[in-house]
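Peer 1: What follows is query-v4.cif, mmCIF, C-alpha atoms.
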```
data_structure
#
loop_
_atom_site.label_atom_id
_atom_site.label_comp_id
_atom_site.auth_asym_id
_atom_site.auth_seq_id
_atom_site.Cartn_x
_atom_site.Cartn_y
_atom_site.Cartn_z
CA MET A 17 128.17 30.64 142.83
CA ALA A 18 130.20 28.34 140.69
CA ASP A 19 128.53 25.00 140.28
CA LYS A 20 131.93 23.36 140.00
CA GLU A 21 134.74 23.91 142.44
CA THR A 22 138.10 24.84 141.05
CA VAL A 23 140.43 21.89 140.78
CA ILE A 24 143.94 21.73 139.41
CA GLY A 25 144.05 18.07 138.37
CA ILE A 26 146.78 15.56 139.05
CA GLU A 27 148.38 15.88 135.63
CA THR A 28 148.01 19.62 135.29
CA ARG A 29 150.64 22.22 135.95
CA ILE A 30 150.12 25.95 136.31
CA SER A 31 153.02 28.34 136.42
CA GLY A 32 151.99 31.86 137.21
CA GLU A 33 149.48 33.51 139.43
CA ILE A 34 146.08 32.26 140.58
CA ARG A 35 143.66 34.73 142.13
CA GLY A 36 140.05 34.27 143.04
CA SER A 37 137.19 34.16 145.47
CA GLU A 38 136.26 30.53 145.65
CA ASP A 39 137.70 27.34 147.05
CA LEU A 40 140.64 25.86 145.20
CA VAL A 41 141.88 22.30 145.32
CA VAL A 42 145.32 21.54 143.94
CA LYS A 43 146.00 17.91 143.09
CA GLY A 44 148.68 18.66 140.49
CA ARG A 45 151.33 21.32 140.47
CA VAL A 46 151.33 25.09 140.85
CA ASP A 47 154.40 27.32 140.67
CA GLY A 48 154.07 31.02 141.36
CA LYS A 49 151.51 32.65 143.59
CA ILE A 50 148.07 31.83 144.96
CA GLN A 51 145.77 34.49 146.35
CA LEU A 52 142.27 33.52 147.46
CA THR A 53 139.56 34.91 149.69
CA HIS A 54 138.52 31.32 150.31
CA ALA A 55 140.08 27.99 151.19
CA LEU A 56 143.04 26.33 149.53
CA THR A 57 143.57 22.59 149.70
CA VAL A 58 146.87 21.07 148.66
CA ASP A 59 146.00 17.43 148.18
CA LYS A 60 148.21 14.44 148.79
CA GLY A 61 150.64 14.13 145.88
CA ALA A 62 150.25 17.77 144.89
CA VAL A 63 153.26 20.07 144.72
CA VAL A 64 152.80 23.79 145.25
CA GLN A 65 155.77 26.07 145.01
CA ALA A 66 154.16 29.41 145.67
CA ASP A 67 153.55 32.19 148.11
CA VAL A 68 150.08 31.62 149.44
CA ASP A 69 147.64 34.22 150.76
CA VAL A 70 144.31 32.62 151.61
CA LYS A 71 141.59 32.45 154.24
CA SER A 72 142.22 28.88 155.26
CA LEU A 73 144.72 26.30 154.14
CA GLU A 74 144.78 22.51 154.32
CA VAL A 75 147.94 20.74 153.26
CA SER A 76 148.30 17.02 152.63
CA GLY A 77 150.89 17.35 149.88
CA THR A 78 154.02 19.40 149.44
CA LEU A 79 154.10 23.16 149.78
CA VAL A 80 157.13 25.39 149.48
CA GLY A 81 156.54 29.09 150.01
CA ASN A 82 155.44 31.65 152.54
CA ILE A 83 151.94 31.26 153.91
CA VAL A 84 149.50 33.88 155.13
CA ALA A 85 146.15 32.44 156.18
CA SER A 86 143.70 34.83 157.79
CA GLU A 87 141.71 32.06 159.45
CA SER A 88 143.51 28.78 159.87
CA VAL A 89 146.19 26.40 158.66
CA ARG A 90 146.12 22.63 159.00
CA PHE A 91 148.97 20.30 158.11
CA HIS A 92 147.80 16.73 157.67
CA PRO A 93 150.13 13.81 158.45
CA SER A 94 151.39 13.54 154.87
CA ALA A 95 152.12 17.25 154.56
CA ARG A 96 155.62 18.43 153.69
CA VAL A 97 155.92 22.18 154.08
CA ILE A 98 158.76 24.68 153.96
CA GLY A 99 158.23 28.39 154.46
CA ASP A 100 157.20 31.01 156.98
CA LEU A 101 153.68 30.84 158.25
CA ALA A 102 151.34 33.49 159.64
CA SER A 103 147.89 32.51 160.83
CA PRO A 104 145.88 32.88 164.05
CA ARG A 105 145.05 29.15 164.14
CA VAL A 106 147.67 26.59 163.30
CA MET A 107 147.08 22.85 163.48
CA MET A 108 149.80 20.33 162.81
CA GLU A 109 149.03 16.65 162.88
CA ALA A 110 151.53 13.99 163.87
CA GLY A 111 153.62 13.06 160.86
CA ALA A 112 153.54 16.44 159.18
CA ALA A 113 156.96 17.78 158.26
CA TYR A 114 157.49 21.51 158.46
CA ARG A 115 160.38 23.92 158.45
CA GLY A 116 159.88 27.64 158.86
CA ARG A 117 158.82 30.34 161.22
CA VAL A 118 155.36 30.38 162.74
CA ASP A 119 153.63 33.60 163.71
CA MET A 120 150.21 33.32 165.27
CA GLY A 121 150.03 36.85 166.61
CA ASP A 122 150.81 39.30 163.88
CA ILE A 123 148.37 38.23 161.23
CA GLU A 124 145.35 40.11 162.60
CA ALA A 125 147.39 43.23 163.24
CA ALA A 126 148.78 42.87 159.74
CA ARG A 127 145.32 42.45 158.27
CA ALA A 128 143.97 45.34 160.32
CA ALA A 129 146.82 47.55 159.22
CA VAL A 130 146.29 46.59 155.60
CA ALA A 131 142.53 47.11 155.91
CA ALA A 132 142.99 50.45 157.66
CA ARG A 133 145.28 51.56 154.90
CA ALA A 134 142.87 50.34 152.21
CA VAL A 135 139.74 51.82 153.77
CA SER A 136 139.02 55.53 153.73
CA ARG A 137 140.74 56.71 156.89
CA PRO A 138 144.38 56.97 155.99
CA ALA A 139 144.77 60.18 157.98
CA ALA A 140 143.55 58.61 161.23
CA SER A 141 145.75 55.53 161.00
CA GLY A 142 148.73 57.56 159.84
CA GLY A 143 148.30 60.01 162.72
CA ALA A 144 148.03 57.21 165.25
CA ALA A 145 151.20 55.62 163.99
CA VAL A 146 153.12 58.87 164.22
CA ARG A 147 151.81 59.52 167.74
CA GLU A 148 152.53 56.03 168.97
CA ARG A 149 156.02 55.63 167.63
CA PRO A 150 157.73 57.91 170.18
CA ALA A 151 155.36 56.68 172.90
CA PRO A 152 156.83 53.31 173.91
CA PRO A 153 159.68 54.58 176.10
CA ARG A 154 157.45 56.65 178.36
CA VAL A 155 153.96 55.11 178.24
CA SER A 156 152.65 52.04 180.11
CA ALA A 157 152.32 48.54 178.69
CA PRO A 158 148.99 48.40 176.81
CA PRO A 159 149.71 51.27 174.38
CA LYS A 160 153.19 49.86 173.95
CA THR A 161 151.77 46.54 172.88
CA ALA A 162 149.48 48.32 170.47
CA ALA A 163 152.40 50.23 169.05
CA ILE A 164 154.41 47.04 168.62
CA ALA A 165 151.43 45.33 167.04
CA SER A 166 150.88 48.19 164.62
CA LYS A 167 154.54 48.16 163.76
CA ALA A 168 154.51 44.41 163.42
CA GLY A 169 151.78 44.57 160.78
CA PRO A 170 153.72 46.28 158.02
CA ARG A 171 156.82 44.35 159.02
CA PHE A 172 155.06 41.16 158.14
CA VAL A 173 153.82 42.42 154.81
CA ALA A 174 157.36 43.11 153.75
CA PRO A 175 159.10 39.90 154.73
CA SER A 176 162.55 41.43 154.52
CA ALA A 177 162.87 42.79 158.06
CA GLY A 178 166.16 42.05 159.77
CA ASP A 179 164.18 41.21 162.88
CA ARG A 180 163.32 37.86 161.39
CA THR A 181 166.89 36.83 160.77
CA VAL A 182 167.76 37.87 164.31
CA THR A 183 165.04 35.64 165.74
CA ALA A 184 165.99 32.81 163.41
CA PRO A 185 167.81 30.81 166.13
CA ALA A 186 164.48 30.72 167.92
CA THR A 187 163.25 28.46 165.13
CA ALA A 188 165.31 25.70 166.74
CA SER A 189 163.17 26.01 169.83
CA THR A 190 159.98 26.06 167.77
CA PRO A 191 159.29 22.28 167.66
CA PRO A 192 158.98 21.89 171.46
CA SER A 193 156.48 24.72 171.44
CA PHE A 194 154.16 22.99 169.01
CA PRO A 195 152.16 21.08 171.65
CA ARG A 196 151.70 24.37 173.42
CA VAL A 197 150.58 25.92 170.12
CA ALA A 198 148.07 23.15 169.61
CA GLY A 199 146.76 23.71 173.14
CA ALA A 200 146.52 27.41 172.63
CA VAL A 201 144.35 26.86 169.58
CA ALA A 202 141.59 25.51 171.78
CA GLY A 203 141.84 28.51 174.09
CA SER A 204 141.92 32.13 173.10
CA ALA A 205 144.73 32.64 170.65
CA PRO A 206 144.73 36.47 170.67
CA SER A 207 145.70 36.91 174.36
CA TRP A 208 148.47 34.37 174.03
CA ALA A 209 149.67 36.01 170.88
CA LYS A 210 149.68 39.41 172.53
CA LYS A 211 151.73 38.08 175.42
CA LYS A 212 154.26 36.70 173.02
CA VAL A 213 154.50 39.98 171.16
CA ARG A 214 155.10 41.83 174.41
CA ARG A 215 157.79 39.40 175.51
CA ARG A 216 159.69 40.03 172.31
CA MET B 21 137.18 14.54 140.00
CA ALA B 22 140.21 13.92 137.90
CA ASN B 23 139.73 16.83 135.57
CA THR B 24 141.00 20.33 135.99
CA VAL B 25 138.41 23.04 136.48
CA ILE B 26 139.10 26.76 136.68
CA GLY B 27 136.08 28.16 138.50
CA SER B 28 134.13 31.25 137.52
CA SER B 29 135.70 33.56 140.08
CA ILE B 30 139.26 32.41 139.51
CA VAL B 31 141.85 34.31 137.52
CA VAL B 32 144.93 32.47 136.31
CA ASP B 33 147.78 34.56 135.02
CA GLY B 34 150.42 32.31 133.51
CA GLU B 35 150.73 28.96 131.86
CA ILE B 36 148.54 25.92 132.23
CA SER B 37 149.82 22.63 130.92
CA GLY B 38 148.53 19.15 131.48
CA GLU B 39 147.48 15.75 130.30
CA GLU B 40 143.87 15.82 131.38
CA PRO B 41 140.68 17.57 130.31
CA LEU B 42 140.57 21.24 131.22
CA THR B 43 137.36 23.19 131.80
CA ILE B 44 137.49 26.96 132.16
CA LEU B 45 134.66 28.95 133.69
CA GLY B 46 136.80 31.83 134.90
CA THR B 47 139.62 33.86 133.38
CA VAL B 48 142.91 32.61 132.02
CA LYS B 49 145.63 34.84 130.63
CA GLY B 50 148.85 33.47 129.23
CA LYS B 51 149.12 30.09 127.60
CA ILE B 52 147.28 26.80 127.65
CA ALA B 53 148.89 23.59 126.48
CA ALA B 54 146.71 20.57 127.05
CA ALA B 55 147.17 17.03 125.77
CA SER B 56 143.46 16.44 126.07
CA SER B 57 140.35 18.59 125.63
CA VAL B 58 140.00 22.25 126.47
CA VAL B 59 136.53 23.65 127.12
CA VAL B 60 135.96 27.38 127.44
CA GLU B 61 132.52 27.58 129.02
CA SER B 62 130.12 30.43 128.49
CA GLY B 63 131.01 33.29 130.78
CA ALA B 64 134.68 32.37 130.70
CA THR B 65 137.36 34.65 129.30
CA VAL B 66 140.55 33.28 127.83
CA GLU B 67 143.31 35.53 126.59
CA ALA B 68 145.84 32.93 125.68
CA ASP B 69 147.29 30.79 122.96
CA VAL B 70 145.54 27.48 123.27
CA GLU B 71 146.75 24.07 122.25
CA GLY B 72 144.71 20.92 122.75
CA GLN B 73 143.31 17.74 121.28
CA THR B 74 139.84 19.23 121.00
CA VAL B 75 139.02 22.82 121.81
CA THR B 76 135.42 23.82 122.49
CA VAL B 77 134.52 27.47 122.94
CA SER B 78 131.26 28.74 124.40
CA GLY B 79 132.72 31.84 126.03
CA LYS B 80 135.21 34.42 124.89
CA LEU B 81 138.60 33.48 123.54
CA THR B 82 141.33 35.79 122.31
CA GLY B 83 144.42 34.07 121.00
CA ASN B 84 145.66 31.52 118.53
CA VAL B 85 144.15 28.08 118.77
CA THR B 86 145.72 24.84 117.63
CA ALA B 87 143.53 21.79 117.97
CA ARG B 88 144.99 18.45 116.92
CA GLU B 89 141.55 17.01 116.30
CA LYS B 90 138.74 19.53 116.35
CA LEU B 91 137.88 23.13 117.13
CA GLU B 92 134.28 23.89 117.91
CA LEU B 93 132.82 27.37 118.23
CA ARG B 94 129.45 27.09 119.90
CA PRO B 95 126.60 29.59 119.52
CA GLU B 96 127.22 32.72 121.63
CA SER B 97 130.98 32.13 121.53
CA LYS B 98 133.38 34.90 120.58
CA MET B 99 136.77 34.16 119.21
CA VAL B 100 139.50 36.44 117.91
CA GLY B 101 142.66 34.77 116.66
CA ASN B 102 143.98 32.24 114.23
CA ALA B 103 142.48 28.78 114.20
CA LYS B 104 144.41 25.70 113.16
CA ALA B 105 142.68 22.33 113.23
CA PRO B 106 141.80 19.51 110.82
CA ARG B 107 138.13 19.89 111.67
CA ILE B 108 136.49 23.17 112.55
CA VAL B 109 132.86 23.61 113.52
CA VAL B 110 131.38 27.08 113.67
CA ALA B 111 127.84 27.13 115.00
CA ASP B 112 125.17 29.61 114.00
CA GLY B 113 125.54 32.63 116.26
CA ALA B 114 129.24 32.25 116.93
CA THR B 115 131.48 35.26 116.32
CA PHE B 116 134.88 34.66 114.83
CA LYS B 117 137.66 36.81 113.49
CA GLY B 118 140.95 35.37 112.32
CA ASN B 119 142.63 33.01 109.90
CA VAL B 120 141.59 29.45 109.44
CA ASP B 121 144.09 26.73 108.64
CA MET B 122 142.67 23.25 108.08
CA ASP B 123 145.82 21.74 106.62
CA VAL B 124 144.53 21.54 103.04
#
```
So that I can check it, write out the structure of this file as structure tokens.

Peer 2:
Amino acid sequence: MADKETVIGIETRISGEIRGSEDLVVKGRVDGKIQLTHALTVDKGAVVQADVDVKSLEVSGTLVGNIVASESVRFHPSARVIGDLASPRVMMEAGAAYRGRVDMGDIEAARAAVAARAVSRPAASGGAAVRERPAPPRVSAPPKTAAIASKAGPRFVAPSAGDRTVTAPATASTPPSFPRVAGAVAGSAPSWAKKKVRRR
Amino acid sequence: MANTVIGSSIVVDGEISGEEPLTILGTVKGKIAAASSVVVESGATVEADVEGQTVTVSGKLTGNVTAREKLELRPESKMVGNAKAPRIVVADGATFKGNVDMDV
């Protein structure tokens, strides 16, 4: 629609919130929050200190903040990133520096939960949640997974859950798992993600 | 593209500051402090105090404007707020409400 793409130039700084439904390229600096229904690119030399909620994310610069990307995340070799990350497809190239927690399973459940809440069937989703909560102890695996997934959704939206701090030591074992993550990207991410959720 | 462009479907809530030309097609609320030019394109909405070398308005601007060189209100533009600049151009068709200070 827009004949020009949105660019935050090298010598420009925005502190505050950016929302929108078009691609955004940051070459300069943004502090605050970025919320897009499209792609965000953090160029080499750019510094973004913000919580990011986008469709897809490409980082070549520096990004500090929590990331939710509904489609994919790619860290290029020059990327320097700190913050928790939730996305079904995560690509990290050799040379990228990252510290944080990666979650490739919960994002869709989180999105679905958010969508279900937003769309006009709050009674149905609310009822299901109430029915499923006592279910796990006595019902077989598949519903249990669903229950965990549905619980996991809201948990991710509010990033304060104690669960995360408990699993924090697991972050140490995260780097060795990256090759496996990269391999899983080629295959079907959802089944792998589900397995992981069940294991936890 | 060295310049900064805020696209038509982007909303910025906060402060924009920079050394390079800024073009706004979307919405900006807050404050704009540019060392270079600021262009508010037609269709854009700015609710902010604006400071720049030259400020050109074709869209809608609400807020006080300080231009170190020139403020230009193009036809179809709408501006509400105080204008401070050594040179001010108001085109036929522009709407303006506010004080003008040309340092006389």

Peer 1: Which neighbours of stretch 86-101 of chain B fall inside 8 Å, counting all atoms listed in the file, when residues of the same chain fewer than 2 positions from it are skipped, and could you give them as number ranges by chain?

Peer 2: B: 62, 70-84, 103-119

Peer 1: Determine the residue membership of the PyMOL selection byres ((chain A) within 10 of (chain B)) for the file above and supply it as a PyMOL selection string.

Peer 2: chain A and resi 17-52

Peer 1: Once you have the residues from the selection above, write them out as an mmCIF file, in the frame of the given file, restricted to C-alpha atoms.

Peer 2:
```cif
data_model
loop_
_atom_site.group_PDB
_atom_site.id
_atom_site.type_symbol
_atom_site.label_atom_id
_atom_site.label_comp_id
_atom_site.auth_asym_id
_atom_site.auth_seq_id
_atom_site.Cartn_x
_atom_site.Cartn_y
_atom_site.Cartn_z
ATOM 1 C CA MET A 17 128.170 30.640 142.830
ATOM 2 C CA ALA A 18 130.200 28.340 140.690
ATOM 3 C CA ASP A 19 128.530 25.000 140.280
ATOM 4 C CA LYS A 20 131.930 23.360 140.000
ATOM 5 C CA GLU A 21 134.740 23.910 142.440
ATOM 6 C CA THR A 22 138.100 24.840 141.050
ATOM 7 C CA VAL A 23 140.430 21.890 140.780
ATOM 8 C CA ILE A 24 143.940 21.730 139.410
ATOM 9 C CA GLY A 25 144.050 18.070 138.370
ATOM 10 C CA ILE A 26 146.780 15.560 139.050
ATOM 11 C CA GLU A 27 148.380 15.880 135.630
ATOM 12 C CA THR A 28 148.010 19.620 135.290
ATOM 13 C CA ARG A 29 150.640 22.220 135.950
ATOM 14 C CA ILE A 30 150.120 25.950 136.310
ATOM 15 C CA SER A 31 153.020 28.340 136.420
ATOM 16 C CA GLY A 32 151.990 31.860 137.210
ATOM 17 C CA GLU A 33 149.480 33.510 139.430
ATOM 18 C CA ILE A 34 146.080 32.260 140.580
ATOM 19 C CA ARG A 35 143.660 34.730 142.130
ATOM 20 C CA GLY A 36 140.050 34.270 143.040
ATOM 21 C CA SER A 37 137.190 34.160 145.470
ATOM 22 C CA GLU A 38 136.260 30.530 145.650
ATOM 23 C CA ASP A 39 137.700 27.340 147.050
ATOM 24 C CA LEU A 40 140.640 25.860 145.200
ATOM 25 C CA VAL A 41 141.880 22.300 145.320
ATOM 26 C CA VAL A 42 145.320 21.540 143.940
ATOM 27 C CA LYS A 43 146.000 17.910 143.090
ATOM 28 C CA GLY A 44 148.680 18.660 140.490
ATOM 29 C CA ARG A 45 151.330 21.320 140.470
ATOM 30 C CA VAL A 46 151.330 25.090 140.850
ATOM 31 C CA ASP A 47 154.400 27.320 140.670
ATOM 32 C CA GLY A 48 154.070 31.020 141.360
ATOM 33 C CA LYS A 49 151.510 32.650 143.590
ATOM 34 C CA ILE A 50 148.070 31.830 144.960
ATOM 35 C CA GLN A 51 145.770 34.490 146.350
ATOM 36 C CA LEU A 52 142.270 33.520 147.460
#
```

Peer 1: Quick one: axis-aligned box around all listed atoms of stretch 70-78 of chain B, 4 Å on every side, centre and edge lengths in Å to one decimal, written as lines of an AutoDock Vina configuration file.

Peer 2:
```
center_x = 139.0
center_y = 23.2
center_z = 122.7
size_x = 23.5
size_y = 19.0
size_z = 11.4
```

Peer 1: Please report the interatomic distance between atom CA of A:Ala55 and atom CA of A:Ala113 in Å with one decimal.

Peer 2: 21.0 Å

Peer 1: Just how far from atom CA of A:Glu87 is atom CA of A:Ala62, in Å to one decimal?

Peer 2: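 Atom-to-atom, atom CA of A:Ala62 to atom CA of A:Glu87, that is 22.1 Å.
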
Peer 1: Kindly add N, CA and C atoms to the incomplete stretch 88-113 of chain A and provide the output as an mmCIF file, keeping the file's coordinate frame.

Peer 2:
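Output file rebuild17.cif is given in full below:
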```cif
data_model
loop_
_atom_site.group_PDB
_atom_site.id
_atom_site.type_symbol
_atom_site.label_atom_id
_atom_site.label_comp_id
_atom_site.auth_asym_id
_atom_site.auth_seq_id
_atom_site.Cartn_x
_atom_site.Cartn_y
_atom_site.Cartn_z
ATOM 1 N N SER A 88 142.860 29.937 159.273
ATOM 2 C CA SER A 88 143.510 28.780 159.870
ATOM 3 C C SER A 88 144.404 28.046 158.881
ATOM 4 N N VAL A 89 145.305 27.253 159.454
ATOM 5 C CA VAL A 89 146.190 26.400 158.660
ATOM 6 C C VAL A 89 146.180 25.020 159.289
ATOM 7 N N ARG A 90 146.036 23.998 158.469
ATOM 8 C CA ARG A 90 146.120 22.630 159.000
ATOM 9 C C ARG A 90 147.074 21.816 158.137
ATOM 10 N N PHE A 91 148.060 21.209 158.792
ATOM 11 C CA PHE A 91 148.970 20.300 158.110
ATOM 12 C C PHE A 91 148.566 18.877 158.451
ATOM 13 N N HIS A 92 148.177 18.131 157.457
ATOM 14 C CA HIS A 92 147.800 16.730 157.670
ATOM 15 C C HIS A 92 149.072 15.884 157.757
ATOM 16 N N PRO A 93 148.932 14.617 158.215
ATOM 17 C CA PRO A 93 150.130 13.810 158.450
ATOM 18 C C PRO A 93 151.073 13.691 157.254
ATOM 19 N N SER A 94 150.527 13.712 156.050
ATOM 20 C CA SER A 94 151.390 13.540 154.870
ATOM 21 C C SER A 94 151.954 14.861 154.358
ATOM 22 N N ALA A 95 151.679 15.943 155.050
ATOM 23 C CA ALA A 95 152.120 17.250 154.560
ATOM 24 C C ALA A 95 153.635 17.421 154.671
ATOM 25 N N ARG A 96 154.207 18.057 153.675
ATOM 26 C CA ARG A 96 155.620 18.430 153.690
ATOM 27 C C ARG A 96 155.657 19.907 153.338
ATOM 28 N N VAL A 97 156.040 20.736 154.281
ATOM 29 C CA VAL A 97 155.920 22.180 154.080
ATOM 30 C C VAL A 97 157.208 22.899 154.471
ATOM 31 N N ILE A 98 157.631 23.811 153.633
ATOM 32 C CA ILE A 98 158.760 24.680 153.960
ATOM 33 C C ILE A 98 158.354 26.119 153.677
ATOM 34 N N GLY A 99 158.530 26.973 154.657
ATOM 35 C CA GLY A 99 158.230 28.390 154.460
ATOM 36 C C GLY A 99 157.668 29.009 155.722
ATOM 37 N N ASP A 100 157.731 30.316 155.805
ATOM 38 C CA ASP A 100 157.200 31.010 156.980
ATOM 39 C C ASP A 100 155.687 31.011 156.941
ATOM 40 N N LEU A 101 155.117 31.040 158.128
ATOM 41 C CA LEU A 101 153.680 30.840 158.250
ATOM 42 C C LEU A 101 153.086 31.871 159.200
ATOM 43 N N ALA A 102 152.048 32.564 158.767
ATOM 44 C CA ALA A 102 151.340 33.490 159.640
ATOM 45 C C ALA A 102 149.864 33.184 159.600
ATOM 46 N N SER A 103 149.310 32.816 160.734
ATOM 47 C CA SER A 103 147.890 32.510 160.830
ATOM 48 C C SER A 103 147.496 32.463 162.303
ATOM 49 N N PRO A 104 146.273 32.906 162.639
ATOM 50 C CA PRO A 104 145.880 32.880 164.050
ATOM 51 C C PRO A 104 145.632 31.461 164.567
ATOM 52 N N ARG A 105 145.274 30.541 163.681
ATOM 53 C CA ARG A 105 145.050 29.150 164.140
ATOM 54 C C ARG A 105 145.929 28.229 163.314
ATOM 55 N N VAL A 106 146.781 27.513 163.992
ATOM 56 C CA VAL A 106 147.670 26.590 163.300
ATOM 57 C C VAL A 106 147.496 25.196 163.890
ATOM 58 N N MET A 107 147.229 24.240 163.023
ATOM 59 C CA MET A 107 147.080 22.850 163.480
ATOM 60 C C MET A 107 148.063 21.985 162.710
ATOM 61 N N MET A 108 148.861 21.245 163.446
ATOM 62 C CA MET A 108 149.800 20.330 162.810
ATOM 63 C C MET A 108 149.540 18.936 163.342
ATOM 64 N N GLU A 109 149.307 18.013 162.442
ATOM 65 C CA GLU A 109 149.030 16.650 162.880
ATOM 66 C C GLU A 109 150.327 15.853 162.913
ATOM 67 N N ALA A 110 150.326 14.821 163.732
ATOM 68 C CA ALA A 110 151.530 13.990 163.870
ATOM 69 C C ALA A 110 151.901 13.408 162.518
ATOM 70 N N GLY A 111 153.161 13.573 162.151
ATOM 71 C CA GLY A 111 153.620 13.060 160.860
ATOM 72 C C GLY A 111 153.901 14.160 159.872
ATOM 73 N N ALA A 112 153.304 15.315 160.090
ATOM 74 C CA ALA A 112 153.540 16.440 159.180
ATOM 75 C C ALA A 112 154.979 16.930 159.345
ATOM 76 N N ALA A 113 155.606 17.253 158.227
ATOM 77 C CA ALA A 113 156.960 17.780 158.260
ATOM 78 C C ALA A 113 156.917 19.248 157.894
#
```
